[in-house]
There are 2 protein chains.
Amino acid sequence: MATIKAAILGFGTVGQGIYHILNEKREELRDKLGLEIEVAKILVRDTTKERIPGTAHLLTDNIDDCLSVKGIQVVFEAIVNEEPAFTYLKKAVEHKCHVITANKVMYAKRGPELEQLAKQHGVFVGFEATTAGGVPVIKTMKNILLVNDVSRIQGILNGTTNYILTKMRAEGWTFEEALKEAQALGYAEADPFNDISGQDAFKKLMILSSLAFDEQPNWADVEVIGIDTISAEQVADATEKGLRYRHVAEVEKYSDGTIYARVAPMLVDKEHPLYPVDEVFNAVTMETNYIGTLTLVGPGAGMYPTASVMVEDYAEIIGKRAGFVVTI
Amino acid sequence: MATIKAAILGFGTVGQGIYHILNEKREELRDKLGLEIEVAKILVRDTTKERIPGTAHLLTDNIDDCLSVKGIQVVFEAIVNEEPAFTYLKKAVEHKCHVITANKVMYAKRGPELEQLAKQHGVFVGFEATTAGGVPVIKTMKNILLVNDVSRIQGILNGTTNYILTKMRAEGWTFEEALKEAQALGYAEADPFNDISGQDAFKKLMILSSLAFDEQPNWADVEVIGIDTISAEQVADATEKGLRYRHVAEVEKYSDGTIYARVAPMLVDKEHPLYPVDEVFNAVTMETNYIGTLTLVGPGAGMYPTASVMVEDYAEIIGKRAGFVVTI
């Protein structure tokens with residue numbers, strides 16, 4: 001049985017999730033794909049900290065260590081922020097490795113460049129995990145775009161803010177109380193700025209804009225409004241009127257070719273598809289010319305949803321017989 | 001530029017939709033896939049009736065006429081009922097044609113047999129259009145199953161009954177009035193038995209059962225309850241209580257391996273994901289082990305949604321470089 005060697009860059013929640021799934025599903029993946037996969041290196045900042053027992057010997061803080069593994073062909077990347085992630089993935093692609101990333105900040109900004117480079121080197125970039133966690137919006141949209149045009153995308157793209165808005169309504173908590181609980185549960189980062197300001201949703205929206213329209217609006221022109229100004233009173237008032245706050249990201253291409261995008265809180269009534277989308281769930285609605293309106297709803301965060309779609313990306317690339325070199 | 005020759009079997013709403021999309025998207029499909037596609041034959045029962053101007057010379061009532069076209073490699077099938085559809089597709093597969101079907105009655109019963117045959121002959125069977133119209137539930141589930149196990153599926157799988165239930169509530173129509181309008185709009189067949197009895201949803205549910213669990217429950221053991229016994233009074237009463245009737249199909253695999261399936265009307269409240277799913281929309285919710293609960297919502301009927309996913313199936317098969325013989 002041939003074996004594919006892989007490296008995991010970043011070993012936080014998502015990176016560990018990938019490791020677990022690849023181990024738990026080892027035999028099934030082998031049977032389905034006809035290839036073994038072996039995690040040969042794990043890149044972390046602090047190599048003295050063993051996060052999963054039995055992985056100490058795999059740890060390195062040097063990308064060249066990862067890429068010098070004999071037979072390395074896949075790199076899973078789950079680091080936060082543009083750098084050093086982009087530099088690492090650029091190196092990996094130049095080394096003819098397929099790359100699978102969950103890094104929305106990097107991909108929103110450098111995705112087109114990375115894709116171009118990957119094309120030149122004959123490898124693939126999997127980026128399902130960058131947007132909407134476990135909801136397969138990237139694959140679905142890629143597939144729909146084979147036949148349809150997409151004119152508009154609207155959705156809840158951040159699980160943390162949706163969790164906070166849900167708890168403010170359902171539990172009567174203040175914004176601060178809900179945020180604290182989101183942090184305790186691991187949904188929100190220690191610095192929750194990117195989530196609550198809408199910057200995280202904005203990056204995901206830009207990734208969807210690139211995919212659907214092959215371009216992004218000028219970032220500086222996009223209005224991005226967070227949820228931190230919403231008071232417990234406003235939420236209670238909305239509830240009384242049968243309305244719910246949702247933090248909605250939307251992007252639309254007008255017939256004159258202009259792209260309009262916005263991230264902001266929105267009040268929806270019970271007829272709106274986003275009304276029942278509570279907790280850390282994400283939702284994406286696409287308007288298309290032939291199919292009409294299609295909506296996907298699922299978990300927008302968490303170790304396993306995100307890691308799972310990354311392993312699916314791997315399986316999809318394998319399914320393409322994507323220039324994998326089979327070494328026995 | 002190489003050209004793929006195709007035949008369309010059945011030239012009703014969906015068959016005509018395929019023809020329109022293949023013409024409208026001719027250049028785009030050529031650019032994206034690197035291959036031309038040409039509809040070389042259209043199989044109908046009555047060859048004297050030209051449904052789209054300029055297609056009379058393509059009509060035939062003989063499957064052998066279709067398969068004897070030089071270079072024929074794809075057959076789109078949009079016929080109703082098991083036969084003669086299965087016999088036609090069997091012939092097509094034995095002729096090494098890829099087949100793409102919208103025929104749920106045939107596929108629910110003969111799908112496994114057809115897939116087996118296709119495997120032997122090195123061709124693919126596209127069946128996205130058999131279930132939930134324009135909602136890409138088949139592709140999504142296939143992809144999810146690469147890594148996840150699916151334990152339960154629940155959904156609205158028939159657009160006609162959902163339309164009827166919606167209009168009974170929103171317009172205060174009786175069942176008969178709503179059915180009549182559904183027929184006038186082309187949603188319901190002249191004989192609406194399969195829709196309103198739940199038999200249509202049942203067939204789609206069996207297709208999903210095969211896909212998720214690799215088996216179907218014994219058909220005779222499945223309780224299938226239609227919507228024709230729901231009165232205008234019951235609907236009004238539910239509305240007053242804040243509830244809505246949905247015609248729900250569900251299938252579940254228990255931990256002991258038993259598969260339980262059911263189709264029946266169900267009352268849902270405003271917290272239920274199916275609450276806002278009105279009109280001819282379909283919805284499918286899948287419970288999975290890693291991703292969690294994923295829901296897809298979209299148009300469950302209509303010429304373009306269904307035809308569109310069939311052309312996507314074609315594009316996907318091309319993307320697999322699936323043994324197409326390129327003839328210049």
# chains A, B, ... in the order shown; residues from 1 in each chain; ligands from 1
call {"tool": "interface_residues", "arguments": {"of": "chain A", "to": "chain B", "cutoff": "8 Å", "atoms": "only C-alpha atoms", "output": "PyMOL selection string"}}
result
chain A and resi 25+29+32+134-136+140+143-144+146-148+270-273+276-277+290-299+304-306+308-309+311-312+315-316+320
call {"tool": "calpha_fit_and_write", "arguments": {"fixed": "chain A", "moving": "chain B", "output": "JSON list (two decimals) with C-alpha atoms, in the first residue's frame"}}
result
[["chain", "number", "residue", "atom", "x", "y", "z"],
["B", 1, "MET", "CA", -0.01, 0.01, -0.04],
["B", 2, "ALA", "CA", 1.38, 3.38, -1.02],
["B", 3, "THR", "CA", 1.70, 6.08, 1.64],
["B", 4, "ILE", "CA", 1.20, 9.83, 1.33],
["B", 5, "LYS", "CA", 3.29, 11.84, 3.79],
["B", 6, "ALA", "CA", 1.68, 14.95, 5.27],
["B", 7, "ALA", "CA", 2.64, 17.83, 7.56],
["B", 8, "ILE", "CA", 0.33, 19.80, 9.84],
["B", 9, "LEU", "CA", 1.26, 23.46, 10.31],
["B", 10, "GLY", "CA", -0.21, 24.84, 13.54],
["B", 11, "PHE", "CA", -1.36, 22.46, 16.23],
["B", 12, "GLY", "CA", -4.18, 24.32, 17.98],
["B", 13, "THR", "CA", -7.80, 23.21, 17.97],
["B", 14, "VAL", "CA", -8.10, 22.64, 14.21],
["B", 15, "GLY", "CA", -4.63, 21.15, 13.73],
["B", 16, "GLN", "CA", -5.28, 18.64, 16.49],
["B", 17, "GLY", "CA", -8.67, 17.86, 14.99],
["B", 18, "ILE", "CA", -7.01, 16.93, 11.69],
["B", 19, "TYR", "CA", -4.57, 14.66, 13.52],
["B", 20, "HIS", "CA", -7.40, 12.91, 15.38],
["B", 21, "ILE", "CA", -9.55, 12.40, 12.27],
["B", 22, "LEU", "CA", -6.65, 11.08, 10.19],
["B", 23, "ASN", "CA", -5.97, 8.54, 12.94],
["B", 24, "GLU", "CA", -9.58, 7.60, 13.66],
["B", 25, "LYS", "CA", -10.40, 7.26, 9.95],
["B", 26, "ARG", "CA", -7.06, 5.72, 8.91],
["B", 27, "GLU", "CA", -8.47, 2.40, 7.68],
["B", 28, "GLU", "CA", -11.60, 3.87, 6.11],
["B", 29, "LEU", "CA", -9.61, 6.50, 4.20],
["B", 30, "ARG", "CA", -7.20, 3.81, 3.04],
["B", 31, "ASP", "CA", -10.05, 1.64, 1.80],
["B", 32, "LYS", "CA", -11.88, 4.51, 0.10],
["B", 33, "LEU", "CA", -8.88, 6.24, -1.45],
["B", 34, "GLY", "CA", -6.48, 3.36, -1.97],
["B", 35, "LEU", "CA", -3.68, 5.24, -0.22],
["B", 36, "GLU", "CA", -2.37, 5.47, 3.33],
["B", 37, "ILE", "CA", -1.77, 8.89, 4.85],
["B", 38, "GLU", "CA", 0.87, 9.49, 7.51],
["B", 39, "VAL", "CA", 1.44, 12.69, 9.47],
["B", 40, "ALA", "CA", 5.23, 12.98, 9.29],
["B", 41, "LYS", "CA", 5.77, 16.43, 10.83],
["B", 42, "ILE", "CA", 3.86, 18.95, 12.94],
["B", 43, "LEU", "CA", 4.99, 22.57, 12.91],
["B", 44, "VAL", "CA", 4.50, 24.54, 16.12],
["B", 45, "ARG", "CA", 6.04, 27.62, 17.71],
["B", 46, "ASP", "CA", 6.91, 25.88, 20.97],
["B", 47, "THR", "CA", 8.31, 22.40, 20.35],
["B", 48, "THR", "CA", 8.62, 21.63, 24.06],
["B", 49, "LYS", "CA", 4.84, 21.50, 24.49],
["B", 50, "GLU", "CA", 3.38, 18.12, 23.52],
["B", 51, "ARG", "CA", -0.33, 18.69, 22.84],
["B", 52, "ILE", "CA", -1.29, 15.11, 21.97],
["B", 53, "PRO", "CA", 0.60, 12.26, 23.68],
["B", 54, "GLY", "CA", 2.91, 10.45, 21.30],
["B", 55, "THR", "CA", 3.47, 13.39, 18.95],
["B", 56, "ALA", "CA", 6.60, 14.92, 20.55],
["B", 57, "HIS", "CA", 8.91, 13.31, 17.98],
["B", 58, "LEU", "CA", 6.93, 14.90, 15.13],
["B", 59, "LEU", "CA", 7.23, 18.50, 16.36],
["B", 60, "THR", "CA", 9.39, 21.10, 14.68],
["B", 61, "ASP", "CA", 9.43, 24.89, 14.47],
["B", 62, "ASN", "CA", 11.10, 24.93, 11.06],
["B", 63, "ILE", "CA", 9.12, 24.71, 7.79],
["B", 64, "ASP", "CA", 12.17, 23.33, 5.99],
["B", 65, "ASP", "CA", 12.13, 20.34, 8.35],
["B", 66, "CYS", "CA", 8.58, 19.63, 7.14],
["B", 67, "LEU", "CA", 9.34, 20.00, 3.46],
["B", 68, "SER", "CA", 12.53, 17.94, 3.59],
["B", 69, "VAL", "CA", 10.59, 14.84, 4.67],
["B", 70, "LYS", "CA", 11.04, 12.24, 1.95],
["B", 71, "GLY", "CA", 7.78, 11.79, 0.06],
["B", 72, "ILE", "CA", 5.98, 14.82, 1.58],
["B", 73, "GLN", "CA", 3.03, 15.69, -0.66],
["B", 74, "VAL", "CA", 0.37, 17.38, 1.47],
["B", 75, "VAL", "CA", 0.48, 20.26, 3.92],
["B", 76, "PHE", "CA", -2.48, 21.03, 6.20],
["B", 77, "GLU", "CA", -2.26, 24.60, 7.49],
["B", 78, "ALA", "CA", -4.21, 25.84, 10.50],
["B", 79, "ILE", "CA", -2.24, 28.89, 11.60],
["B", 80, "VAL", "CA", -3.77, 32.29, 12.37],
["B", 81, "ASN", "CA", -2.84, 35.44, 10.38],
["B", 82, "GLU", "CA", -1.21, 36.10, 7.07],
["B", 83, "GLU", "CA", 2.37, 35.55, 8.07],
["B", 84, "PRO", "CA", 4.27, 33.32, 8.41],
["B", 85, "ALA", "CA", 1.45, 31.17, 6.96],
["B", 86, "PHE", "CA", 1.68, 32.54, 3.42],
["B", 87, "THR", "CA", 5.45, 32.16, 3.29],
["B", 88, "TYR", "CA", 5.15, 28.57, 4.48],
["B", 89, "LEU", "CA", 2.48, 27.66, 1.95],
["B", 90, "LYS", "CA", 4.37, 29.35, -0.87],
["B", 91, "LYS", "CA", 7.37, 27.20, -0.02],
["B", 92, "ALA", "CA", 5.18, 24.12, 0.17],
["B", 93, "VAL", "CA", 3.62, 24.79, -3.24],
["B", 94, "GLU", "CA", 7.03, 25.44, -4.80],
["B", 95, "HIS", "CA", 8.02, 22.08, -3.31],
["B", 96, "LYS", "CA", 5.06, 20.60, -5.27],
["B", 97, "CYS", "CA", 2.98, 19.91, -2.19],
["B", 98, "HIS", "CA", -0.81, 20.20, -2.26],
["B", 99, "VAL", "CA", -1.89, 22.62, 0.46],
["B", 100, "ILE", "CA", -5.11, 22.62, 2.49],
["B", 101, "THR", "CA", -5.74, 25.71, 4.56],
["B", 102, "ALA", "CA", -8.15, 26.95, 7.22],
["B", 103, "ASN", "CA", -6.52, 30.40, 7.29],
["B", 104, "LYS", "CA", -9.09, 32.98, 6.17],
["B", 105, "VAL", "CA", -6.94, 36.06, 6.88],
["B", 106, "MET", "CA", -4.17, 34.73, 4.66],
["B", 107, "TYR", "CA", -6.49, 33.34, 2.00],
["B", 108, "ALA", "CA", -8.73, 36.41, 1.73],
["B", 109, "LYS", "CA", -5.68, 38.51, 0.91],
["B", 110, "ARG", "CA", -3.24, 36.14, -0.74],
["B", 111, "GLY", "CA", -5.55, 33.43, -2.07],
["B", 112, "PRO", "CA", -5.46, 34.51, -5.73],
["B", 113, "GLU", "CA", -1.64, 34.67, -5.62],
["B", 114, "LEU", "CA", -1.39, 31.25, -3.95],
["B", 115, "GLU", "CA", -3.80, 29.71, -6.48],
["B", 116, "GLN", "CA", -1.76, 31.12, -9.36],
["B", 117, "LEU", "CA", 1.42, 29.67, -7.91],
["B", 118, "ALA", "CA", -0.27, 26.30, -7.30],
["B", 119, "LYS", "CA", -1.40, 26.19, -10.90],
["B", 120, "GLN", "CA", 2.16, 26.81, -12.10],
["B", 121, "HIS", "CA", 3.41, 23.94, -9.96],
["B", 122, "GLY", "CA", 0.58, 21.54, -10.78],
["B", 123, "VAL", "CA", -0.81, 21.26, -7.25],
["B", 124, "PHE", "CA", -4.14, 22.06, -5.60],
["B", 125, "VAL", "CA", -5.19, 24.45, -2.83],
["B", 126, "GLY", "CA", -8.04, 23.23, -0.60],
["B", 127, "PHE", "CA", -9.69, 26.14, 1.22],
["B", 128, "GLU", "CA", -13.11, 24.86, 2.27],
["B", 129, "ALA", "CA", -12.20, 25.36, 5.93],
["B", 130, "THR", "CA", -11.50, 29.07, 5.51],
["B", 131, "THR", "CA", -15.20, 29.90, 5.30],
["B", 132, "ALA", "CA", -18.17, 28.86, 7.44],
["B", 133, "GLY", "CA", -16.44, 26.03, 9.31],
["B", 134, "GLY", "CA", -18.12, 22.71, 8.63],
["B", 135, "VAL", "CA", -20.55, 24.10, 6.04],
["B", 136, "PRO", "CA", -19.31, 23.03, 2.58],
["B", 137, "VAL", "CA", -20.01, 26.38, 0.94],
["B", 138, "ILE", "CA", -16.85, 26.46, -1.17],
["B", 139, "LYS", "CA", -17.36, 23.04, -2.79],
["B", 140, "THR", "CA", -21.05, 23.71, -3.31],
["B", 141, "MET", "CA", -20.43, 27.07, -4.93],
["B", 142, "LYS", "CA", -17.60, 25.77, -7.12],
["B", 143, "ASN", "CA", -19.92, 23.07, -8.37],
["B", 144, "ILE", "CA", -22.85, 25.42, -8.94],
["B", 145, "LEU", "CA", -20.62, 27.84, -10.82],
["B", 146, "LEU", "CA", -19.91, 25.17, -13.42],
["B", 147, "VAL", "CA", -23.36, 25.88, -14.81],
["B", 148, "ASN", "CA", -24.89, 28.79, -12.87],
["B", 149, "ASP", "CA", -23.97, 32.41, -12.28],
["B", 150, "VAL", "CA", -24.15, 33.59, -8.68],
["B", 151, "SER", "CA", -25.48, 37.12, -8.27],
["B", 152, "ARG", "CA", -25.69, 37.55, -4.49],
["B", 153, "ILE", "CA", -24.46, 35.89, -1.31],
["B", 154, "GLN", "CA", -25.81, 36.55, 2.16],
["B", 155, "GLY", "CA", -25.01, 34.77, 5.38],
["B", 156, "ILE", "CA", -23.96, 34.38, 8.97],
["B", 157, "LEU", "CA", -20.24, 33.73, 8.65],
["B", 158, "ASN", "CA", -19.08, 34.01, 12.25],
["B", 159, "GLY", "CA", -20.12, 31.47, 14.86],
["B", 160, "THR", "CA", -18.96, 33.53, 17.84],
["B", 161, "THR", "CA", -21.12, 36.56, 17.15],
["B", 162, "ASN", "CA", -24.11, 34.37, 16.38],
["B", 163, "TYR", "CA", -23.57, 32.56, 19.67],
["B", 164, "ILE", "CA", -23.40, 35.89, 21.54],
["B", 165, "LEU", "CA", -26.55, 37.26, 19.88],
["B", 166, "THR", "CA", -28.35, 33.98, 20.57],
["B", 167, "LYS", "CA", -27.47, 33.98, 24.27],
["B", 168, "MET", "CA", -28.32, 37.67, 24.73],
["B", 169, "ARG", "CA", -31.80, 36.84, 23.44],
["B", 170, "ALA", "CA", -32.43, 33.36, 24.85],
["B", 171, "GLU", "CA", -30.73, 33.81, 28.23],
["B", 172, "GLY", "CA", -31.11, 37.56, 28.67],
["B", 173, "TRP", "CA", -27.33, 37.93, 29.09],
["B", 174, "THR", "CA", -25.49, 41.18, 28.45],
["B", 175, "PHE", "CA", -22.99, 41.36, 25.58],
["B", 176, "GLU", "CA", -20.11, 41.00, 28.05],
["B", 177, "GLU", "CA", -21.60, 37.96, 29.76],
["B", 178, "ALA", "CA", -22.24, 36.22, 26.45],
["B", 179, "LEU", "CA", -18.75, 37.03, 25.21],
["B", 180, "LYS", "CA", -17.20, 35.63, 28.38],
["B", 181, "GLU", "CA", -19.10, 32.37, 27.98],
["B", 182, "ALA", "CA", -18.10, 32.18, 24.28],
["B", 183, "GLN", "CA", -14.49, 32.51, 25.35],
["B", 184, "ALA", "CA", -14.89, 29.89, 28.09],
["B", 185, "LEU", "CA", -16.29, 27.47, 25.50],
["B", 186, "GLY", "CA", -13.39, 28.16, 23.14],
["B", 187, "TYR", "CA", -15.50, 29.80, 20.42],
["B", 188, "ALA", "CA", -14.01, 33.27, 20.81],
["B", 189, "GLU", "CA", -10.29, 34.01, 20.87],
["B", 190, "ALA", "CA", -8.61, 35.61, 23.90],
["B", 191, "ASP", "CA", -8.68, 38.75, 21.77],
["B", 192, "PRO", "CA", -12.21, 38.66, 20.37],
["B", 193, "PHE", "CA", -11.79, 41.81, 18.27],
["B", 194, "ASN", "CA", -11.85, 40.04, 14.88],
["B", 195, "ASP", "CA", -15.07, 38.21, 15.68],
["B", 196, "ILE", "CA", -17.15, 40.96, 17.26],
["B", 197, "SER", "CA", -15.97, 43.74, 14.94],
["B", 198, "GLY", "CA", -17.08, 41.79, 11.89],
["B", 199, "GLN", "CA", -13.52, 41.57, 10.52],
["B", 200, "ASP", "CA", -13.56, 37.79, 10.60],
["B", 201, "ALA", "CA", -16.85, 37.61, 8.68],
["B", 202, "PHE", "CA", -15.51, 40.24, 6.30],
["B", 203, "LYS", "CA", -12.49, 38.09, 5.36],
["B", 204, "LYS", "CA", -14.72, 35.11, 4.67],
["B", 205, "LEU", "CA", -17.02, 37.30, 2.59],
["B", 206, "MET", "CA", -14.06, 38.41, 0.49],
["B", 207, "ILE", "CA", -13.14, 34.76, -0.13],
["B", 208, "LEU", "CA", -16.69, 34.11, -1.33],
["B", 209, "SER", "CA", -16.54, 37.24, -3.50],
["B", 210, "SER", "CA", -13.37, 36.01, -5.21],
["B", 211, "LEU", "CA", -14.95, 32.63, -5.82],
["B", 212, "ALA", "CA", -18.32, 33.87, -7.11],
["B", 213, "PHE", "CA", -17.25, 37.00, -9.01],
["B", 214, "ASP", "CA", -13.55, 36.39, -9.58],
["B", 215, "GLU", "CA", -12.83, 39.67, -7.81],
["B", 216, "GLN", "CA", -13.22, 41.47, -4.50],
["B", 217, "PRO", "CA", -14.48, 44.97, -3.83],
["B", 218, "ASN", "CA", -11.96, 47.52, -2.61],
["B", 219, "TRP", "CA", -11.58, 46.55, 1.07],
["B", 220, "ALA", "CA", -11.60, 50.17, 2.23],
["B", 221, "ASP", "CA", -15.01, 50.73, 0.61],
["B", 222, "VAL", "CA", -16.74, 47.94, 2.52],
["B", 223, "GLU", "CA", -18.79, 48.96, 5.55],
["B", 224, "VAL", "CA", -18.06, 46.55, 8.41],
["B", 225, "ILE", "CA", -20.14, 47.01, 11.56],
["B", 226, "GLY", "CA", -19.66, 44.79, 14.60],
["B", 227, "ILE", "CA", -22.13, 43.63, 17.23],
["B", 228, "ASP", "CA", -20.50, 45.21, 20.28],
["B", 229, "THR", "CA", -22.81, 48.22, 20.25],
["B", 230, "ILE", "CA", -25.97, 46.10, 20.58],
["B", 231, "SER", "CA", -27.38, 46.44, 24.09],
["B", 232, "ALA", "CA", -29.36, 43.93, 26.12],
["B", 233, "GLU", "CA", -32.28, 46.40, 25.93],
["B", 234, "GLN", "CA", -32.21, 46.47, 22.13],
["B", 235, "VAL", "CA", -32.22, 42.67, 22.03],
["B", 236, "ALA", "CA", -35.14, 42.47, 24.49],
["B", 237, "ASP", "CA", -37.03, 45.05, 22.48],
["B", 238, "ALA", "CA", -36.50, 43.10, 19.24],
["B", 239, "THR", "CA", -37.61, 39.85, 20.88],
["B", 240, "GLU", "CA", -40.82, 41.51, 22.02],
["B", 241, "LYS", "CA", -41.55, 42.47, 18.41],
["B", 242, "GLY", "CA", -40.85, 38.91, 17.22],
["B", 243, "LEU", "CA", -37.54, 39.90, 15.65],
["B", 244, "ARG", "CA", -34.01, 38.56, 16.05],
["B", 245, "TYR", "CA", -30.62, 40.14, 15.57],
["B", 246, "ARG", "CA", -28.33, 38.37, 13.12],
["B", 247, "HIS", "CA", -24.85, 39.48, 12.13],
["B", 248, "VAL", "CA", -25.15, 39.38, 8.36],
["B", 249, "ALA", "CA", -22.43, 39.49, 5.72],
["B", 250, "GLU", "CA", -23.52, 40.11, 2.14],
["B", 251, "VAL", "CA", -21.95, 40.65, -1.23],
["B", 252, "GLU", "CA", -23.71, 41.34, -4.50],
["B", 253, "LYS", "CA", -22.69, 41.95, -8.07],
["B", 254, "TYR", "CA", -24.85, 44.55, -9.79],
["B", 255, "SER", "CA", -25.66, 44.38, -13.49],
["B", 256, "ASP", "CA", -23.19, 47.22, -14.15],
["B", 257, "GLY", "CA", -20.41, 45.02, -12.76],
["B", 258, "THR", "CA", -20.01, 46.87, -9.46],
["B", 259, "ILE", "CA", -19.54, 44.70, -6.39],
["B", 260, "TYR", "CA", -21.23, 45.83, -3.20],
["B", 261, "ALA", "CA", -20.38, 44.23, 0.15],
["B", 262, "ARG", "CA", -21.37, 44.88, 3.75],
["B", 263, "VAL", "CA", -21.15, 43.27, 7.20],
["B", 264, "ALA", "CA", -23.65, 44.51, 9.79],
["B", 265, "PRO", "CA", -26.24, 43.46, 12.38],
["B", 266, "MET", "CA", -29.71, 42.97, 10.92],
["B", 267, "LEU", "CA", -33.16, 42.36, 12.38],
["B", 268, "VAL", "CA", -34.98, 39.40, 10.83],
["B", 269, "ASP", "CA", -38.52, 38.13, 11.35],
["B", 270, "LYS", "CA", -39.70, 34.54, 11.56],
["B", 271, "GLU", "CA", -40.17, 34.25, 7.80],
["B", 272, "HIS", "CA", -36.48, 34.94, 7.17],
["B", 273, "PRO", "CA", -34.28, 31.87, 6.53],
["B", 274, "LEU", "CA", -31.77, 33.12, 9.11],
["B", 275, "TYR", "CA", -34.37, 33.34, 11.91],
["B", 276, "PRO", "CA", -33.91, 29.79, 13.27],
["B", 277, "VAL", "CA", -30.11, 29.77, 12.78],
["B", 278, "ASP", "CA", -28.99, 29.91, 16.43],
["B", 279, "GLU", "CA", -25.86, 29.21, 18.51],
["B", 280, "VAL", "CA", -22.53, 28.77, 16.62],
["B", 281, "PHE", "CA", -24.30, 27.84, 13.40],
["B", 282, "ASN", "CA", -23.38, 29.54, 10.16],
["B", 283, "ALA", "CA", -25.60, 29.93, 7.12],
["B", 284, "VAL", "CA", -24.95, 30.95, 3.54],
["B", 285, "THR", "CA", -27.59, 31.81, 0.95],
["B", 286, "MET", "CA", -26.63, 32.04, -2.73],
["B", 287, "GLU", "CA", -28.78, 33.50, -5.45],
["B", 288, "THR", "CA", -28.18, 31.78, -8.78],
["B", 289, "ASN", "CA", -29.71, 32.08, -12.23],
["B", 290, "TYR", "CA", -30.82, 28.51, -12.93],
["B", 291, "ILE", "CA", -31.17, 26.87, -9.52],
["B", 292, "GLY", "CA", -32.60, 29.91, -7.76],
["B", 293, "THR", "CA", -31.87, 30.47, -4.08],
["B", 294, "LEU", "CA", -29.85, 27.84, -2.24],
["B", 295, "THR", "CA", -29.12, 27.93, 1.49],
["B", 296, "LEU", "CA", -26.64, 25.91, 3.52],
["B", 297, "VAL", "CA", -26.72, 25.81, 7.32],
["B", 298, "GLY", "CA", -24.29, 24.08, 9.68],
["B", 299, "PRO", "CA", -21.73, 24.43, 12.48],
["B", 300, "GLY", "CA", -19.52, 27.44, 11.84],
["B", 301, "ALA", "CA", -16.81, 26.61, 14.34],
["B", 302, "GLY", "CA", -15.28, 23.85, 16.36],
["B", 303, "MET", "CA", -12.42, 21.36, 16.16],
["B", 304, "TYR", "CA", -14.15, 18.58, 14.27],
["B", 305, "PRO", "CA", -16.37, 20.44, 11.76],
["B", 306, "THR", "CA", -13.43, 22.48, 10.48],
["B", 307, "ALA", "CA", -10.91, 19.64, 10.57],
["B", 308, "SER", "CA", -13.40, 17.36, 8.85],
["B", 309, "VAL", "CA", -13.80, 19.58, 5.80],
["B", 310, "MET", "CA", -10.00, 19.80, 5.54],
["B", 311, "VAL", "CA", -9.73, 16.02, 5.41],
["B", 312, "GLU", "CA", -12.53, 16.07, 2.80],
["B", 313, "ASP", "CA", -10.41, 18.51, 0.78],
["B", 314, "TYR", "CA", -7.59, 15.99, 0.98],
["B", 315, "ALA", "CA", -9.88, 13.17, -0.16],
["B", 316, "GLU", "CA", -11.13, 15.32, -3.03],
["B", 317, "ILE", "CA", -7.61, 16.11, -4.20],
["B", 318, "ILE", "CA", -6.73, 12.40, -4.05],
["B", 319, "GLY", "CA", -9.88, 11.72, -6.05],
["B", 320, "LYS", "CA", -8.52, 13.97, -8.76],
["B", 321, "ARG", "CA", -5.45, 11.73, -8.91],
["B", 322, "ALA", "CA", -3.81, 15.06, -8.61],
["B", 323, "GLY", "CA", -0.26, 14.28, -9.51],
["B", 324, "PHE", "CA", 0.38, 12.29, -6.36],
["B", 325, "VAL", "CA", 3.58, 10.38, -6.64],
["B", 326, "VAL", "CA", 2.94, 6.90, -5.37],
["B", 327, "THR", "CA", 5.88, 5.60, -3.38],
["B", 328, "ILE", "CA", 5.64, 2.02, -2.15]]
call {"tool": "select_by_dssp", "arguments": {"residues": "segment 79-273 of chain B", "states": "strand (DSSP E or B)", "output": "JSON, numbers by chain"}}
result
{"B": [98, 99, 100, 101, 125, 126, 150, 151, 152, 153, 154, 155, 156, 223, 224, 244, 245, 246, 247, 248, 249, 250, 251, 252, 253, 259, 260, 261, 262, 263, 264, 265, 266, 267, 268]}
call {"tool": "select_by_dssp", "arguments": {"residues": "segment 15-195 of chain A", "states": "helix (DSSP H, G or I)", "output": "ChimeraX atom specification"}}
result
/A:15-24,26-33,56-58,63-67,85-94,104-121,128-130,137-144,159-170,175-184,193-195
